[in-house]
$ cat model_15.cif   # mmCIF, C-alpha atoms
data_query
loop_
_atom_site.group_PDB
_atom_site.id
_atom_site.type_symbol
_atom_site.label_atom_id
_atom_site.label_comp_id
_atom_site.auth_asym_id
_atom_site.auth_seq_id
_atom_site.Cartn_x
_atom_site.Cartn_y
_atom_site.Cartn_z
ATOM 1 C CA MET I 60 -11.385 -18.409 3.638
ATOM 2 C CA ALA I 61 -9.662 -20.907 5.786
ATOM 3 C CA LEU I 62 -8.344 -18.340 8.232
ATOM 4 C CA ARG I 63 -11.678 -16.747 8.996
ATOM 5 C CA ARG I 64 -13.057 -17.815 12.295
ATOM 6 C CA LYS I 65 -16.085 -17.175 14.385
ATOM 7 C CA SER I 66 -15.811 -14.549 17.068
ATOM 8 C CA LYS I 67 -18.320 -13.982 19.824
ATOM 9 C CA ASN I 68 -19.279 -10.416 19.083
ATOM 10 C CA GLN I 69 -19.196 -10.357 15.329
ATOM 11 C CA SER I 70 -21.067 -7.751 13.388
ATOM 12 C CA ASP I 71 -23.145 -8.372 10.271
ATOM 13 C CA HIS I 72 -20.304 -6.859 8.315
ATOM 14 C CA ASP I 73 -17.890 -9.526 9.415
ATOM 15 C CA ALA I 74 -20.047 -12.578 9.917
ATOM 16 C CA SER I 75 -18.506 -16.006 9.679
ATOM 17 C CA GLU I 76 -20.920 -16.931 6.906
ATOM 18 C CA PRO I 77 -20.728 -14.796 3.762
ATOM 19 C CA VAL I 78 -23.695 -12.966 2.291
ATOM 20 C CA ALA I 79 -24.685 -14.328 -1.119
ATOM 21 C CA VAL I 80 -25.029 -11.394 -3.501
ATOM 22 C CA SER I 81 -25.013 -10.687 -7.211
ATOM 23 C CA ILE I 82 -21.772 -9.229 -8.505
ATOM 24 C CA ALA I 83 -23.274 -5.795 -9.108
ATOM 25 C CA ASP I 84 -24.445 -5.599 -5.492
ATOM 26 C CA MET I 85 -21.035 -6.388 -4.023
ATOM 27 C CA GLN I 86 -19.371 -3.842 -1.815
ATOM 28 C CA ALA I 87 -15.765 -3.484 -0.793
ATOM 29 C CA ARG I 88 -14.816 -4.983 2.579
ATOM 30 C CA GLN I 89 -17.935 -7.084 2.852
ATOM 31 C CA TYR I 90 -17.605 -10.836 3.357
ATOM 32 C CA VAL I 91 -19.544 -12.127 0.375
ATOM 33 C CA CYS I 92 -20.199 -15.150 -1.770
ATOM 34 C CA VAL I 93 -20.651 -14.595 -5.495
ATOM 35 C CA SER I 94 -20.956 -17.085 -8.295
ATOM 36 C CA GLY I 95 -20.653 -16.880 -12.033
ATOM 37 C CA LYS I 96 -18.863 -18.035 -15.127
ATOM 38 C CA VAL I 97 -15.152 -17.637 -15.733
ATOM 39 C CA THR I 98 -14.951 -15.243 -18.663
ATOM 40 C CA ARG I 99 -11.291 -14.333 -18.712
ATOM 41 C CA MET I 100 -8.094 -15.786 -17.311
ATOM 42 C CA THR I 101 -4.815 -13.910 -17.190
ATOM 43 C CA ALA I 102 -1.508 -15.078 -15.781
ATOM 44 C CA ARG I 103 -0.070 -11.781 -14.735
ATOM 45 C CA PRO I 104 3.339 -11.161 -13.359
ATOM 46 C CA THR I 105 2.484 -9.012 -10.348
ATOM 47 C CA SER I 106 5.768 -7.302 -9.516
ATOM 48 C CA GLY I 107 7.689 -10.083 -11.183
ATOM 49 C CA GLN I 108 6.036 -12.899 -9.257
ATOM 50 C CA PRO I 109 3.311 -15.046 -10.807
ATOM 51 C CA ALA I 110 -0.367 -14.428 -10.185
ATOM 52 C CA LEU I 111 -3.518 -15.788 -11.765
ATOM 53 C CA ALA I 112 -6.302 -13.274 -12.397
ATOM 54 C CA VAL I 113 -9.708 -14.742 -13.144
ATOM 55 C CA MET I 114 -12.642 -12.626 -14.264
ATOM 56 C CA ILE I 115 -16.012 -13.973 -13.157
ATOM 57 C CA SER I 116 -19.274 -12.776 -14.683
ATOM 58 C CA ASP I 117 -22.887 -13.175 -13.714
ATOM 59 C CA ASP I 118 -25.907 -11.461 -15.295
ATOM 60 C CA SER I 119 -25.256 -8.297 -13.310
ATOM 61 C CA GLY I 120 -21.533 -7.651 -13.804
ATOM 62 C CA THR I 121 -17.976 -8.864 -13.530
ATOM 63 C CA VAL I 122 -15.405 -9.152 -10.763
ATOM 64 C CA THR I 123 -11.787 -10.273 -10.708
ATOM 65 C CA ALA I 124 -10.221 -12.753 -8.334
ATOM 66 C CA VAL I 125 -6.445 -12.901 -8.056
ATOM 67 C CA TRP I 126 -4.548 -15.878 -6.708
ATOM 68 C CA THR I 127 -0.954 -15.068 -6.020
ATOM 69 C CA GLY I 128 2.020 -17.351 -6.485
ATOM 70 C CA ARG I 129 0.519 -19.510 -9.239
ATOM 71 C CA ARG I 130 -0.286 -19.427 -12.933
ATOM 72 C CA SER I 131 -3.115 -21.960 -13.030
ATOM 73 C CA ILE I 132 -5.583 -23.712 -10.755
ATOM 74 C CA GLY I 133 -6.823 -27.200 -11.558
ATOM 75 C CA GLY I 134 -10.489 -27.142 -12.556
ATOM 76 C CA ILE I 135 -10.708 -23.418 -13.212
ATOM 77 C CA THR I 136 -11.076 -23.088 -16.957
ATOM 78 C CA LEU I 137 -12.824 -20.646 -19.258
ATOM 79 C CA GLY I 138 -16.589 -21.062 -19.125
ATOM 80 C CA ARG I 139 -16.521 -22.951 -15.837
ATOM 81 C CA ARG I 140 -19.007 -21.867 -13.169
ATOM 82 C CA ILE I 141 -17.389 -21.148 -9.827
ATOM 83 C CA ALA I 142 -18.388 -19.642 -6.506
ATOM 84 C CA ILE I 143 -16.062 -17.266 -4.660
ATOM 85 C CA LYS I 144 -16.101 -16.550 -0.943
ATOM 86 C CA GLY I 145 -14.080 -13.675 0.388
ATOM 87 C CA ILE I 146 -13.634 -9.975 0.971
ATOM 88 C CA ALA I 147 -13.087 -7.753 -2.030
ATOM 89 C CA VAL I 148 -10.647 -4.841 -2.074
ATOM 90 C CA ALA I 149 -11.453 -1.700 -4.036
ATOM 91 C CA ARG I 150 -8.811 -1.138 -6.713
ATOM 92 C CA GLY I 151 -9.665 2.150 -8.304
ATOM 93 C CA THR I 152 -13.308 1.802 -9.328
ATOM 94 C CA LYS I 153 -13.201 -1.978 -9.528
ATOM 95 C CA LEU I 154 -13.408 -4.663 -6.902
ATOM 96 C CA GLU I 155 -10.889 -7.454 -6.619
ATOM 97 C CA PHE I 156 -10.592 -10.544 -4.459
ATOM 98 C CA THR I 157 -7.162 -11.589 -3.240
ATOM 99 C CA ASN I 158 -6.705 -15.325 -2.657
ATOM 100 C CA PRO I 159 -10.389 -16.013 -1.975
ATOM 101 C CA SER I 160 -11.691 -19.494 -1.333
ATOM 102 C CA TYR I 161 -13.489 -20.988 -4.309
ATOM 103 C CA THR I 162 -15.828 -23.829 -5.151
ATOM 104 C CA LEU I 163 -16.166 -25.416 -8.565
ATOM 105 C CA LEU I 164 -19.855 -25.628 -9.458
ATOM 106 C CA PRO I 165 -21.442 -28.303 -11.665
ATOM 107 C CA ARG I 166 -21.530 -27.291 -15.306
ATOM 108 C CA MET L 129 -9.457 7.886 10.509
ATOM 109 C CA LYS L 130 -9.085 4.556 12.213
ATOM 110 C CA VAL L 131 -5.454 3.495 12.286
ATOM 111 C CA ILE L 132 -4.095 0.188 13.593
ATOM 112 C CA ILE L 133 -0.369 0.037 14.338
ATOM 113 C CA ALA L 134 1.310 -3.341 14.791
ATOM 114 C CA GLY L 135 4.413 -3.074 16.929
ATOM 115 C CA ALA L 136 4.537 -0.709 19.910
ATOM 116 C CA GLY L 137 8.262 -0.073 19.800
ATOM 117 C CA SER L 138 9.698 3.402 19.525
ATOM 118 C CA VAL L 139 8.463 3.767 15.936
ATOM 119 C CA GLY L 140 4.945 2.554 16.684
ATOM 120 C CA ARG L 141 4.593 4.638 19.840
ATOM 121 C CA TYR L 142 5.831 7.776 18.140
ATOM 122 C CA MET L 143 3.429 7.272 15.242
ATOM 123 C CA ALA L 144 0.529 6.650 17.628
ATOM 124 C CA GLU L 145 1.254 9.835 19.548
ATOM 125 C CA GLN L 146 1.542 11.978 16.431
ATOM 126 C CA LEU L 147 -1.556 10.527 14.798
ATOM 127 C CA GLN L 148 -3.609 10.825 17.960
ATOM 128 C CA ASN L 149 -2.610 14.484 18.270
ATOM 129 C CA SER L 150 -3.972 15.080 14.800
ATOM 130 C CA GLY L 151 -7.262 13.528 15.824
ATOM 131 C CA HIS L 152 -7.083 9.981 14.511
ATOM 132 C CA GLU L 153 -8.390 6.934 16.293
ATOM 133 C CA VAL L 154 -5.272 4.859 16.956
ATOM 134 C CA THR L 155 -4.834 1.310 18.255
ATOM 135 C CA LEU L 156 -1.409 -0.103 19.106
ATOM 136 C CA VAL L 157 -0.922 -3.867 19.090
ATOM 137 C CA ASP L 158 2.042 -5.621 20.678
ATOM 138 C CA ASN L 159 2.546 -9.151 21.923
ATOM 139 C CA GLN L 160 4.913 -8.308 24.774
ATOM 140 C CA VAL L 161 3.336 -7.914 28.176
ATOM 141 C CA SER L 162 6.200 -5.701 29.361
ATOM 142 C CA VAL L 163 5.633 -3.248 26.524
ATOM 143 C CA ILE L 164 1.921 -2.993 27.256
ATOM 144 C CA ASN L 165 2.540 -2.608 31.007
ATOM 145 C CA ASN L 166 5.051 0.168 30.417
ATOM 146 C CA ARG L 167 2.674 2.276 28.375
ATOM 147 C CA PRO L 168 2.569 5.914 29.369
ATOM 148 C CA LYS L 169 -0.032 6.356 32.084
ATOM 149 C CA ASP L 170 -0.462 10.060 31.442
ATOM 150 C CA ALA L 171 -1.837 9.506 27.951
ATOM 151 C CA LYS L 172 -4.910 11.635 27.375
ATOM 152 C CA GLY L 173 -6.815 8.651 26.072
ATOM 153 C CA GLY L 174 -7.224 8.355 22.365
ATOM 154 C CA VAL L 175 -4.677 5.605 21.865
ATOM 155 C CA THR L 176 -5.951 2.112 22.607
ATOM 156 C CA TRP L 177 -3.355 -0.475 23.618
ATOM 157 C CA HIS L 178 -3.936 -4.116 22.856
ATOM 158 C CA LEU L 179 -1.933 -7.119 24.012
ATOM 159 C CA GLY L 180 -1.854 -9.766 21.306
ATOM 160 C CA ASP L 181 -0.035 -11.215 18.335
ATOM 161 C CA ALA L 182 -0.863 -9.092 15.308
ATOM 162 C CA CYS L 183 0.138 -12.013 13.091
ATOM 163 C CA GLU L 184 -3.041 -13.803 14.122
ATOM 164 C CA VAL L 185 -6.364 -13.210 12.432
ATOM 165 C CA ALA L 186 -8.205 -13.382 15.765
ATOM 166 C CA THR L 187 -6.135 -10.502 17.178
ATOM 167 C CA LEU L 188 -6.626 -8.389 14.081
ATOM 168 C CA GLU L 189 -10.348 -9.049 14.272
ATOM 169 C CA ALA L 190 -10.437 -8.109 17.952
ATOM 170 C CA VAL L 191 -8.780 -4.722 17.392
ATOM 171 C CA GLY L 192 -11.191 -3.931 14.574
ATOM 172 C CA VAL L 193 -9.056 -4.193 11.463
ATOM 173 C CA ALA L 194 -12.278 -5.043 9.615
ATOM 174 C CA ASP L 195 -13.251 -1.368 9.586
ATOM 175 C CA ALA L 196 -9.807 0.216 9.875
ATOM 176 C CA ASP L 197 -8.766 2.761 7.246
ATOM 177 C CA ILE L 198 -5.052 2.179 7.602
ATOM 178 C CA VAL L 199 -2.870 -0.599 8.998
ATOM 179 C CA ALA L 200 0.794 0.142 9.669
ATOM 180 C CA ALA L 201 3.079 -2.833 10.282
ATOM 181 C CA VAL L 202 6.111 -1.312 11.978
ATOM 182 C CA THR L 203 7.587 -4.086 14.107
ATOM 183 C CA GLY L 204 11.320 -4.670 14.113
ATOM 184 C CA ASP L 205 10.802 -7.953 12.302
ATOM 185 C CA ASP L 206 10.302 -8.024 8.533
ATOM 186 C CA GLU L 207 8.576 -11.417 8.573
ATOM 187 C CA ASP L 208 5.993 -10.165 11.054
ATOM 188 C CA ASN L 209 5.436 -6.987 9.077
ATOM 189 C CA LEU L 210 4.767 -9.026 5.948
ATOM 190 C CA VAL L 211 2.345 -11.365 7.705
ATOM 191 C CA VAL L 212 0.409 -8.449 9.207
ATOM 192 C CA SER L 213 0.267 -6.769 5.791
ATOM 193 C CA LEU L 214 -0.892 -9.869 3.972
ATOM 194 C CA LEU L 215 -3.593 -10.674 6.516
ATOM 195 C CA SER L 216 -4.828 -7.080 6.627
ATOM 196 C CA LYS L 217 -5.173 -6.934 2.860
ATOM 197 C CA GLN L 218 -6.370 -10.446 2.148
ATOM 198 C CA GLU L 219 -8.644 -11.117 5.093
ATOM 199 C CA PHE L 220 -9.875 -7.613 5.862
ATOM 200 C CA ALA L 221 -9.382 -5.669 2.614
ATOM 201 C CA VAL L 222 -7.825 -2.719 4.416
ATOM 202 C CA PRO L 223 -7.610 0.138 1.877
ATOM 203 C CA ARG L 224 -4.106 1.244 2.825
ATOM 204 C CA VAL L 225 -1.408 -0.971 4.273
ATOM 205 C CA LEU L 226 1.970 0.478 5.242
ATOM 206 C CA ALA L 227 4.939 -1.637 6.201
ATOM 207 C CA ARG L 228 8.343 -0.908 7.617
ATOM 208 C CA VAL L 229 11.350 -2.551 5.968
ATOM 209 C CA ASN L 230 14.057 -3.280 8.529
ATOM 210 C CA ASN L 231 16.559 -5.106 6.370
ATOM 211 C CA PRO L 232 16.929 -3.540 2.907
ATOM 212 C CA LYS L 233 17.609 -7.031 1.527
ATOM 213 C CA ASN L 234 13.937 -7.820 2.116
ATOM 214 C CA GLU L 235 12.613 -4.740 0.380
ATOM 215 C CA TRP L 236 11.795 -6.587 -2.853
ATOM 216 C CA MET L 237 9.108 -8.576 -1.027
ATOM 217 C CA PHE L 238 7.239 -5.527 0.254
ATOM 218 C CA ASN L 239 4.852 -5.192 -2.667
ATOM 219 C CA ASP L 240 1.242 -5.945 -3.566
ATOM 220 C CA MET L 241 1.947 -9.693 -3.522
ATOM 221 C CA TRP L 242 2.162 -9.349 0.242
ATOM 222 C CA GLY L 243 -0.593 -6.767 0.532
ATOM 223 C CA VAL L 244 1.777 -3.835 1.064
ATOM 224 C CA ASP L 245 0.650 -0.549 -0.495
ATOM 225 C CA VAL L 246 3.495 1.599 0.770
ATOM 226 C CA SER L 247 6.782 0.368 2.166
ATOM 227 C CA VAL L 248 9.171 2.525 4.104
ATOM 228 C CA SER L 249 12.778 1.464 4.303
ATOM 229 C CA THR L 250 14.768 3.498 6.792
ATOM 230 C CA PRO L 251 18.210 2.451 5.477
ATOM 231 C CA HIS L 252 17.121 3.239 1.916
ATOM 232 C CA LEU L 253 15.720 6.587 2.967
ATOM 233 C CA LEU L 254 18.903 7.454 4.833
ATOM 234 C CA THR L 255 21.024 6.582 1.804
ATOM 235 C CA ALA L 256 18.795 8.740 -0.380
ATOM 236 C CA LEU L 257 19.016 11.650 2.043
ATOM 237 C CA VAL L 258 22.790 11.400 2.299
ATOM 238 C CA GLU L 259 23.023 11.295 -1.483
ATOM 239 C CA GLU L 260 20.673 14.240 -1.681
ATOM 240 C CA ALA L 261 22.796 16.216 0.755
ATOM 241 C CA VAL L 262 26.124 15.606 -0.950
ATOM 242 C CA THR L 263 25.280 15.651 -4.619
ATOM 243 C CA VAL L 264 24.595 18.539 -6.906
ATOM 244 C CA GLY L 265 23.514 17.909 -10.441
ATOM 245 C CA SER L 266 22.396 14.345 -10.082
ATOM 246 C CA PHE L 267 19.043 12.700 -9.910
ATOM 247 C CA VAL L 268 18.175 11.285 -6.467
ATOM 248 C CA ARG L 269 15.160 9.071 -5.846
ATOM 249 C CA LEU L 270 13.586 9.976 -2.523
ATOM 250 C CA LEU L 271 10.427 7.907 -2.275
ATOM 251 C CA SER L 272 8.536 5.211 -4.134
ATOM 252 C CA LEU L 273 4.764 5.391 -4.343
ATOM 253 C CA GLU L 274 2.167 2.915 -5.579
ATOM 254 C CA GLY L 275 4.541 -0.019 -5.406
ATOM 255 C CA GLY L 276 7.281 1.737 -7.329
ATOM 256 C CA LYS L 277 5.024 2.924 -10.173
ATOM 257 C CA ALA L 278 5.593 6.527 -9.174
ATOM 258 C CA ARG L 279 8.666 8.108 -7.660
ATOM 259 C CA LEU L 280 9.481 11.346 -5.989
ATOM 260 C CA ALA L 281 12.917 12.442 -7.099
ATOM 261 C CA GLU L 282 15.089 15.424 -6.371
ATOM 262 C CA VAL L 283 17.655 17.256 -8.467
ATOM 263 C CA THR L 284 19.854 20.094 -7.267
ATOM 264 C CA LEU L 285 20.567 22.038 -10.433
ATOM 265 C CA ALA L 286 24.261 22.395 -11.200
ATOM 266 C CA ALA L 287 25.594 25.502 -12.928
ATOM 267 C CA ASN L 288 25.817 23.651 -16.225
ATOM 268 C CA SER L 289 22.318 22.200 -16.156
ATOM 269 C CA PRO L 290 20.425 22.644 -19.432
ATOM 270 C CA ALA L 291 17.349 23.704 -17.449
ATOM 271 C CA ILE L 292 18.827 26.916 -16.065
ATOM 272 C CA GLY L 293 17.184 30.109 -17.238
ATOM 273 C CA LYS L 294 14.340 28.242 -18.872
ATOM 274 C CA GLU L 295 10.667 28.365 -18.055
ATOM 275 C CA LEU L 296 9.244 25.070 -16.797
ATOM 276 C CA SER L 297 6.857 24.830 -19.725
ATOM 277 C CA ASP L 298 9.805 25.041 -22.141
ATOM 278 C CA LEU L 299 11.739 22.186 -20.551
ATOM 279 C CA GLY L 300 9.892 19.568 -22.540
ATOM 280 C CA LEU L 301 9.224 17.367 -19.522
ATOM 281 C CA PRO L 302 7.228 14.257 -20.409
ATOM 282 C CA ARG L 303 3.515 14.176 -19.571
ATOM 283 C CA GLU L 304 4.103 11.393 -17.039
ATOM 284 C CA SER L 305 6.098 13.731 -14.813
ATOM 285 C CA THR L 306 5.328 16.845 -12.790
ATOM 286 C CA VAL L 307 7.519 19.331 -10.993
ATOM 287 C CA VAL L 308 5.861 19.484 -7.574
ATOM 288 C CA ALA L 309 8.072 22.016 -5.829
ATOM 289 C CA VAL L 310 11.181 24.140 -6.324
ATOM 290 C CA LEU L 311 13.233 24.880 -3.207
ATOM 291 C CA ARG L 312 15.188 28.122 -3.590
ATOM 292 C CA ASP L 313 17.168 29.920 -0.841
ATOM 293 C CA GLY L 314 15.144 28.312 1.903
ATOM 294 C CA HIS L 315 11.830 29.154 0.252
ATOM 295 C CA VAL L 316 9.395 26.836 -1.450
ATOM 296 C CA VAL L 317 8.416 28.102 -4.871
ATOM 297 C CA VAL L 318 5.133 26.682 -6.113
ATOM 298 C CA PRO L 319 5.958 25.757 -9.692
ATOM 299 C CA ARG L 320 3.976 27.171 -12.582
ATOM 300 C CA GLY L 321 4.530 26.985 -16.290
ATOM 301 C CA ASP L 322 6.350 30.322 -16.296
ATOM 302 C CA THR L 323 8.629 29.585 -13.304
ATOM 303 C CA VAL L 324 12.252 30.137 -14.368
ATOM 304 C CA LEU L 325 14.842 27.788 -12.888
ATOM 305 C CA ASN L 326 18.123 29.035 -11.416
ATOM 306 C CA GLY L 327 21.376 27.293 -10.566
ATOM 307 C CA GLY L 328 21.276 25.750 -7.060
ATOM 308 C CA ASP L 329 17.515 25.237 -7.155
ATOM 309 C CA GLU L 330 16.346 21.968 -5.664
ATOM 310 C CA VAL L 331 13.681 20.630 -7.974
ATOM 311 C CA LEU L 332 11.292 17.975 -6.700
ATOM 312 C CA VAL L 333 9.749 15.932 -9.483
ATOM 313 C CA LEU L 334 7.054 13.291 -9.378
ATOM 314 C CA VAL L 335 7.805 10.720 -12.079
ATOM 315 C CA THR L 336 5.671 7.807 -13.213
ATOM 316 C CA GLY L 337 6.350 5.039 -15.673
ATOM 317 C CA GLY L 338 9.581 4.836 -17.590
ATOM 318 C CA VAL L 339 10.176 8.512 -18.236
ATOM 319 C CA GLU L 340 12.869 8.946 -15.603
ATOM 320 C CA ASP L 341 15.611 9.140 -18.209
ATOM 321 C CA ASP L 342 13.810 11.921 -20.106
ATOM 322 C CA VAL L 343 13.395 13.920 -16.896
ATOM 323 C CA ARG L 344 17.033 13.357 -16.040
ATOM 324 C CA LYS L 345 18.058 14.550 -19.499
ATOM 325 C CA ALA L 346 15.962 17.723 -19.177
ATOM 326 C CA LEU L 347 17.229 18.646 -15.700
ATOM 327 C CA VAL L 348 20.706 17.174 -15.467
ATOM 328 C CA GLY L 349 21.816 16.981 -19.073
#
$ encode --input "model_15.cif" --output "structure tokens"
Amino acid sequence: MALRRKSKNQSDHDASEPVAVSIADMQARQYVCVSGKVTRMTARPTSGQPALAVMISDDSGTVTAVWTGRRSIGGITLGRRIAIKGIAVARGTKLEFTNPSYTLLPR
Amino acid sequence: MKVIIAGAGSVGRYMAEQLQNSGHEVTLVDNQVSVINNRPKDAKGGVTWHLGDACEVATLEAVGVADADIVAAVTGDDEDNLVVSLLSKQEFAVPRVLARVNNPKNEWMFNDMWGVDVSVSTPHLLTALVEEAVTVGSFVRLLSLEGGKARLAEVTLAANSPAIGKELSDLGLPRESTVVAVLRDGHVVVPRGDTVLNGGDEVLVLVTGGVEDDVRKALVG
């Protein structure tokens, strides 16, 4: 997350470095880093404007990351391992990242 | 609940006062020194005032958006309201983000793409209320919920409405809609399946999905 910056009196909840967790252990509103394989990619028209939804799976579960304003991201393909850093929003019972930062991991 | 309000103009201040009276923890953010200096001194505490630009992540972090339940972006500037909404949702995952639409031409942007859960457009609302006041027998949309997926609509039943004299359960309303209230002679009738509709009743209906036309057909004809 490019915008995130260090503040003097940060709490654990909002530390400048994310907590690495497995997908099943993620909680909403926690700054986390998760990694896994891309298992599904959907170009969805969110309210008429493009958005790319990518489902990432590790051994424990799945989570969706949505990047708005685009239909594809170079390097993100099915089966690719990626790491996601960001804060997930609870959408119903599921968690979803909005425009998180990502790193492509070696295959 | 912890509520952060961006924009301490008349709208923001009024909201803060009302919410504080009902026991919520409210923080007002504004970037104008004069506004902050002119805050009411007799306030009984409760409302925290913060000088800063709510369009900056650092300010949002400082006022505690990270654990806020609701962020309301109610400045007089649509661009600012959108930036506050986007940052609150994307950087802090705030569960509920409300934004004020100043210019109805911008309303199309106030959706989940910009992190807005609920948008309130005063001009739109006024138009709807005027329509509601002057029209009998037509279907008036009052409020959009969940980014337009659900709508609260109102129909004042005309004398020739096909719904008159029928029980609600016999109207054949689609499953995706619910009659939430019937206003009759200044009273609110809580609707049940056996409630019989009369001419002049104001019927409030919650409609989701694409069933608006079916509801219209059942109530208006």
$ atom_distance --input "model_15.cif" --atom1 "atom CA of L:Lys233" --atom2 "atom CA of L:Gly137"
21.7 Å
$ interface_residues --input "model_15.cif" --of "chain I" --to "chain L" --cutoff "6 Å" --atoms "all atoms listed in the file" --output "list in words"
Arg88, Val148 and Thr157 of chain I
$ residues_around --input "model_15.cif" --residues "I:Gln108" --least-positions-apart "5" --cutoff "9 Å" --atoms "all atoms listed in the file" --output "ChimeraX atom specification"
/I:103,127-129 /L:241
$ resolve_selection --input "model_15.cif" --expression "the PyMOL selection byres ((chain L and resi 349) around 12)" --output "number ranges by chain"
L: 265-267, 283, 285-292, 299, 341-348
$ write_last_selection --input "model_15.cif" --atoms "C-alpha atoms" --output "mmCIF file, in the frame of the given file"
data_model
loop_
_atom_site.group_PDB
_atom_site.id
_atom_site.type_symbol
_atom_site.label_atom_id
_atom_site.label_comp_id
_atom_site.auth_asym_id
_atom_site.auth_seq_id
_atom_site.Cartn_x
_atom_site.Cartn_y
_atom_site.Cartn_z
ATOM 1 C CA GLY L 265 23.514 17.909 -10.441
ATOM 2 C CA SER L 266 22.396 14.345 -10.082
ATOM 3 C CA PHE L 267 19.043 12.700 -9.910
ATOM 4 C CA VAL L 283 17.655 17.256 -8.467
ATOM 5 C CA LEU L 285 20.567 22.038 -10.433
ATOM 6 C CA ALA L 286 24.261 22.395 -11.200
ATOM 7 C CA ALA L 287 25.594 25.502 -12.928
ATOM 8 C CA ASN L 288 25.817 23.651 -16.225
ATOM 9 C CA SER L 289 22.318 22.200 -16.156
ATOM 10 C CA PRO L 290 20.425 22.644 -19.432
ATOM 11 C CA ALA L 291 17.349 23.704 -17.449
ATOM 12 C CA ILE L 292 18.827 26.916 -16.065
ATOM 13 C CA LEU L 299 11.739 22.186 -20.551
ATOM 14 C CA ASP L 341 15.611 9.140 -18.209
ATOM 15 C CA ASP L 342 13.810 11.921 -20.106
ATOM 16 C CA VAL L 343 13.395 13.920 -16.896
ATOM 17 C CA ARG L 344 17.033 13.357 -16.040
ATOM 18 C CA LYS L 345 18.058 14.550 -19.499
ATOM 19 C CA ALA L 346 15.962 17.723 -19.177
ATOM 20 C CA LEU L 347 17.229 18.646 -15.700
ATOM 21 C CA VAL L 348 20.706 17.174 -15.467
#
$ residues_around --input "model_15.cif" --residues "L:Leu325" --least-positions-apart "4" --cutoff "9 Å" --atoms "only C-alpha atoms" --output "list of chain:residue names"
L:Leu285, L:Ala291, L:Ile292, L:Gly293, L:Lys294, L:Glu295, L:Leu296, L:Val310, L:Asp329, L:Val331
$ resolve_selection --input "model_15.cif" --expression "the PyMOL selection byres ((chain I and resi 101) around 9)" --output "PyMOL selection string"
chain I and resi 99-100+102-103+110-114+130
$ atom_distance --input "model_15.cif" --atom1 "atom CA of I:Gln89" --atom2 "atom CA of I:Tyr161"
16.3 Å
$ residues_around --input "model_15.cif" --residues "L:Ser138" --least-positions-apart "6" --cutoff "12 Å" --atoms "only C-alpha atoms" --output "list in words"
Ala144, Glu145, Leu156, Asp158, Val163, Arg167, Val202, Thr203 and Gly204 of chain L
$ write_last_selection --input "model_15.cif" --atoms "C-alpha atoms" --output "PDB file, in the frame of the given file"
ATOM      1  CA  ALA L 144       0.529   6.650  17.628  1.00  0.00           C
ATOM      2  CA  GLU L 145       1.254   9.835  19.548  1.00  0.00           C
ATOM      3  CA  LEU L 156      -1.409  -0.103  19.106  1.00  0.00           C
ATOM      4  CA  ASP L 158       2.042  -5.621  20.678  1.00  0.00           C
ATOM      5  CA  VAL L 163       5.633  -3.248  26.524  1.00  0.00           C
ATOM      6  CA  ARG L 167       2.674   2.276  28.375  1.00  0.00           C
ATOM      7  CA  VAL L 202       6.111  -1.312  11.978  1.00  0.00           C
ATOM      8  CA  THR L 203       7.587  -4.086  14.107  1.00  0.00           C
ATOM      9  CA  GLY L 204      11.320  -4.670  14.113  1.00  0.00           C
TER      10      GLY L 204
END
$ resolve_selection --input "model_15.cif" --expression "the PyMOL selection byres ((chain L and resi 155) around 6)" --output "PyMOL selection string"
chain L and resi 132+154+156+175-177
$ residues_around --input "model_15.cif" --residues "stretch 278-280 of chain L" --least-positions-apart "5" --cutoff "9 Å" --atoms "all atoms listed in the file" --output "PyMOL selection string"
chain L and resi 268-273+332-337
$ residues_near_point --input "model_15.cif" --point "(3.8, -5.7, 18.2)" --cutoff "7 Å" --atoms "all atoms listed in the file" --output "ChimeraX atom specification"
/L:134-136,157-159,181-182,203
$ residues_around --input "model_15.cif" --residues "I:Pro77" --least-positions-apart "2" --cutoff "6 Å" --atoms "only C-alpha atoms" --output "list of chain:residue names"
I:Tyr90, I:Val91, I:Cys92
